[in-house]
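The structure appears below as structure tokens.
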Amino acid sequence: MTSPACPSRRALLAATGAGLGALALAGCGGDGVREVADAGSGTVLARVDDVPAEGALELAVGERRVLLVRAGDTVAAYEAECPHQGCAVRPTRGNRLVCPCHGSAFDPADGGVLQGPATAALTPVDVVLTAGEVRLA
Ligand code: FES
């Protein structure tokens, strides 16, 4: 069964139009993390509508994990690597990004620390929104 955060390839193609070759989504990992291949400047990470109003859309972009979150009408992106000791930060309901290793929590609006032990914010990933898509800058 596919996670709601990780639509099937068929659903994705139906939603975006099969002719959009720029969409570089390669599939979903077994943990519901959407995989993005061939990541570089301009690579489409997701459709804006795929980013949930709460929590985050988790992506595997090459070797790194990226979280896409809603920030009002726009979308922000962060490296999922916790600045404390490097565990993968995960989204939770209630608009917090939480590290399961030691409990640090981060604000999806700016990646800032809400609760330690982390003392540094999540690293932002530069993205641009174009025609309803989130792309790497
Ligand atoms: S590695 Fe994230 S809180 Fe320690």
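Chain identifiers are assigned as A, B, and so on, following the order in which chains appear in the structure tokens; residues are numbered from 1 within each chain, and ligands are numbered from 1 in order of appearance.
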List all protein, DNA and RNA residues that have an atom no more than 12 Å from any atom of ligand 1, counting only C-alpha atoms and all ligand atoms, and report them as a PDB file with N, CA and C atoms, in the first residue's frame.
ATOM      1  N   ALA A  80      17.208  17.279   5.695  1.00  0.00           N
ATOM      2  CA  ALA A  80      16.617  16.544   6.818  1.00  0.00           C
ATOM      3  C   ALA A  80      17.657  16.140   7.847  1.00  0.00           C
ATOM      4  N   GLU A  81      18.924  16.340   7.562  1.00  0.00           N
ATOM      5  CA  GLU A  81      19.978  15.939   8.499  1.00  0.00           C
ATOM      6  C   GLU A  81      19.964  16.842   9.734  1.00  0.00           C
ATOM      7  N   CYS A  82      19.776  16.214  10.893  1.00  0.00           N
ATOM      8  CA  CYS A  82      19.713  16.973  12.144  1.00  0.00           C
ATOM      9  C   CYS A  82      21.069  17.602  12.443  1.00  0.00           C
ATOM     10  N   PRO A  83      21.085  18.891  12.775  1.00  0.00           N
ATOM     11  CA  PRO A  83      22.356  19.554  13.070  1.00  0.00           C
ATOM     12  C   PRO A  83      22.979  19.108  14.390  1.00  0.00           C
ATOM     13  N   HIS A  84      22.241  18.326  15.179  1.00  0.00           N
ATOM     14  CA  HIS A  84      22.814  17.845  16.440  1.00  0.00           C
ATOM     15  C   HIS A  84      23.834  16.737  16.170  1.00  0.00           C
ATOM     16  N   GLN A  85      23.384  15.590  15.706  1.00  0.00           N
ATOM     17  CA  GLN A  85      24.310  14.492  15.429  1.00  0.00           C
ATOM     18  C   GLN A  85      23.984  13.761  14.140  1.00  0.00           C
ATOM     19  N   GLY A  86      23.168  14.357  13.300  1.00  0.00           N
ATOM     20  CA  GLY A  86      23.006  13.845  11.952  1.00  0.00           C
ATOM     21  C   GLY A  86      21.894  12.863  11.680  1.00  0.00           C
ATOM     22  N   CYS A  87      21.023  12.587  12.629  1.00  0.00           N
ATOM     23  CA  CYS A  87      19.886  11.697  12.341  1.00  0.00           C
ATOM     24  C   CYS A  87      18.932  12.375  11.355  1.00  0.00           C
ATOM     25  N   ALA A  88      18.045  11.593  10.787  1.00  0.00           N
ATOM     26  CA  ALA A  88      17.079  12.132   9.830  1.00  0.00           C
ATOM     27  C   ALA A  88      15.880  12.716  10.565  1.00  0.00           C
ATOM     28  N   VAL A  89      15.687  14.018  10.422  1.00  0.00           N
ATOM     29  CA  VAL A  89      14.536  14.706  10.997  1.00  0.00           C
ATOM     30  C   VAL A  89      13.302  14.301  10.210  1.00  0.00           C
ATOM     31  N   ARG A  90      12.196  14.107  10.922  1.00  0.00           N
ATOM     32  CA  ARG A  90      10.952  13.651  10.299  1.00  0.00           C
ATOM     33  C   ARG A  90       9.835  14.644  10.585  1.00  0.00           C
ATOM     34  N   LEU A  97       8.931  19.693  12.984  1.00  0.00           N
ATOM     35  CA  LEU A  97       9.835  18.719  12.387  1.00  0.00           C
ATOM     36  C   LEU A  97      10.669  18.194  13.540  1.00  0.00           C
ATOM     37  N   VAL A  98      10.657  16.889  13.746  1.00  0.00           N
ATOM     38  CA  VAL A  98      11.236  16.325  14.970  1.00  0.00           C
ATOM     39  C   VAL A  98      12.301  15.295  14.623  1.00  0.00           C
ATOM     40  N   CYS A  99      13.386  15.348  15.362  1.00  0.00           N
ATOM     41  CA  CYS A  99      14.441  14.349  15.229  1.00  0.00           C
ATOM     42  C   CYS A  99      14.142  13.211  16.201  1.00  0.00           C
ATOM     43  N   PRO A 100      14.041  11.986  15.700  1.00  0.00           N
ATOM     44  CA  PRO A 100      13.689  10.864  16.566  1.00  0.00           C
ATOM     45  C   PRO A 100      14.831  10.429  17.480  1.00  0.00           C
ATOM     46  N   CYS A 101      16.039  10.871  17.227  1.00  0.00           N
ATOM     47  CA  CYS A 101      17.182  10.374  18.010  1.00  0.00           C
ATOM     48  C   CYS A 101      17.219  10.964  19.414  1.00  0.00           C
ATOM     49  N   HIS A 102      17.143  12.279  19.538  1.00  0.00           N
ATOM     50  CA  HIS A 102      17.259  12.911  20.858  1.00  0.00           C
ATOM     51  C   HIS A 102      16.171  13.949  21.092  1.00  0.00           C
ATOM     52  N   GLY A 103      15.215  14.048  20.185  1.00  0.00           N
ATOM     53  CA  GLY A 103      14.046  14.872  20.422  1.00  0.00           C
ATOM     54  C   GLY A 103      14.109  16.323  20.012  1.00  0.00           C
ATOM     55  N   SER A 104      15.134  16.720  19.301  1.00  0.00           N
ATOM     56  CA  SER A 104      15.141  18.118  18.835  1.00  0.00           C
ATOM     57  C   SER A 104      13.940  18.362  17.938  1.00  0.00           C
ATOM     58  N   ALA A 105      13.412  19.575  18.013  1.00  0.00           N
ATOM     59  CA  ALA A 105      12.266  19.944  17.184  1.00  0.00           C
ATOM     60  C   ALA A 105      12.573  21.256  16.476  1.00  0.00           C
ATOM     61  N   PHE A 106      12.050  21.367  15.270  1.00  0.00           N
ATOM     62  CA  PHE A 106      12.351  22.515  14.413  1.00  0.00           C
ATOM     63  C   PHE A 106      11.067  23.110  13.865  1.00  0.00           C
ATOM     64  N   VAL A 113      15.315  26.197  15.649  1.00  0.00           N
ATOM     65  CA  VAL A 113      15.200  25.238  16.745  1.00  0.00           C
ATOM     66  C   VAL A 113      14.036  25.635  17.655  1.00  0.00           C
ATOM     67  N   LEU A 114      13.122  24.691  17.906  1.00  0.00           N
ATOM     68  CA  LEU A 114      12.041  24.879  18.874  1.00  0.00           C
ATOM     69  C   LEU A 114      12.386  24.199  20.184  1.00  0.00           C
ATOM     70  N   GLN A 115      13.182  23.132  20.088  1.00  0.00           N
ATOM     71  CA  GLN A 115      13.554  22.350  21.268  1.00  0.00           C
ATOM     72  C   GLN A 115      14.880  21.660  20.982  1.00  0.00           C
ATOM     73  N   GLY A 116      15.801  21.702  21.928  1.00  0.00           N
ATOM     74  CA  GLY A 116      17.103  21.065  21.798  1.00  0.00           C
ATOM     75  C   GLY A 116      17.034  19.580  22.038  1.00  0.00           C
ATOM     76  N   PRO A 117      18.185  18.939  21.980  1.00  0.00           N
ATOM     77  CA  PRO A 117      19.530  19.493  22.172  1.00  0.00           C
ATOM     78  C   PRO A 117      20.160  20.205  20.976  1.00  0.00           C
ATOM     79  N   ALA A 118      19.594  20.118  19.782  1.00  0.00           N
ATOM     80  CA  ALA A 118      20.185  20.857  18.660  1.00  0.00           C
ATOM     81  C   ALA A 118      20.225  22.343  18.998  1.00  0.00           C
ATOM     82  N   THR A 119      21.270  23.002  18.581  1.00  0.00           N
ATOM     83  CA  THR A 119      21.399  24.443  18.811  1.00  0.00           C
ATOM     84  C   THR A 119      21.403  25.226  17.509  1.00  0.00           C
ATOM     85  N   ALA A 120      21.441  24.513  16.399  1.00  0.00           N
ATOM     86  CA  ALA A 120      21.457  25.182  15.090  1.00  0.00           C
ATOM     87  C   ALA A 120      20.207  24.796  14.306  1.00  0.00           C
ATOM     88  N   ALA A 121      19.796  25.690  13.422  1.00  0.00           N
ATOM     89  CA  ALA A 121      18.620  25.468  12.575  1.00  0.00           C
ATOM     90  C   ALA A 121      18.929  24.422  11.508  1.00  0.00           C
ATOM     91  N   LEU A 122      17.868  23.886  10.919  1.00  0.00           N
ATOM     92  CA  LEU A 122      18.023  23.018   9.758  1.00  0.00           C
ATOM     93  C   LEU A 122      18.623  23.829   8.610  1.00  0.00           C
TER      94      LEU A 122
END
Note to self: So that I can check the surroundings of Arg96 (chain A), please list as a list in words every protein, DNA and RNA residue that reaches within 7 Å of it, counting only C-alpha atoms and ignoring chain neighbours fewer than 3 positions away.
What the structure shows: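 Everything that qualifies: Gly55, Pro91, Thr92, Arg93, Ala105, Phe106, Asp107 and Pro108 of chain A.
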Just list the residues in region 44-80 of chain A DSSP gives strand (DSSP E or B) on the backbone, as an mmCIF file with C-alpha atoms, in the first residue's frame.
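Everything below was put into states_17.cif:
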data_model
loop_
_atom_site.group_PDB
_atom_site.id
_atom_site.type_symbol
_atom_site.label_atom_id
_atom_site.label_comp_id
_atom_site.auth_asym_id
_atom_site.auth_seq_id
_atom_site.Cartn_x
_atom_site.Cartn_y
_atom_site.Cartn_z
ATOM 1 C CA VAL A 44 11.349 19.390 -10.269
ATOM 2 C CA LEU A 45 11.092 18.082 -6.719
ATOM 3 C CA ALA A 46 7.311 17.998 -6.434
ATOM 4 C CA ARG A 47 4.124 19.730 -7.345
ATOM 5 C CA LEU A 57 6.907 15.888 2.026
ATOM 6 C CA GLU A 58 10.021 13.771 2.454
ATOM 7 C CA LEU A 59 12.317 13.396 -0.523
ATOM 8 C CA ALA A 60 15.486 11.488 -1.262
ATOM 9 C CA VAL A 61 17.345 13.848 -3.591
ATOM 10 C CA ARG A 64 20.491 13.588 0.723
ATOM 11 C CA ARG A 65 17.107 13.743 2.383
ATOM 12 C CA VAL A 66 15.076 16.910 1.890
ATOM 13 C CA LEU A 67 11.893 18.027 3.614
ATOM 14 C CA LEU A 68 9.419 20.237 1.729
ATOM 15 C CA VAL A 69 7.075 22.163 4.012
ATOM 16 C CA ARG A 70 4.340 24.709 3.548
ATOM 17 C CA ALA A 71 5.203 28.215 4.633
ATOM 18 C CA THR A 74 4.868 29.164 -0.486
ATOM 19 C CA VAL A 75 7.057 26.108 0.100
ATOM 20 C CA ALA A 76 10.291 25.931 2.067
ATOM 21 C CA ALA A 77 12.869 23.164 1.853
ATOM 22 C CA TYR A 78 15.415 21.913 4.386
ATOM 23 C CA GLU A 79 18.075 19.273 4.590
#
Next item on the list: Just give me the gap between CA of Thr130 (chain A) and CA of Gly94 (chain A) in Å, one decimal is fine.
Entry: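 Rounded to one decimal, the two atoms are 27.5 Å apart.
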Check: When you draw a straight line from CA of Asp38 (chain A) to CA of Gly72 (chain A), how long is it in Å?
Finding: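 Value for the CA of Asp38 (chain A)-CA of Gly72 (chain A) distance: 28.6 Å.
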Next item on the list: Skip Gly42 (chain A) itself and residues of its chain fewer than 6 positions away, then list as a PyMOL selection string all residues within 6 Å of it, counting only C-alpha atoms.
Entry: chain A and resi 135-137
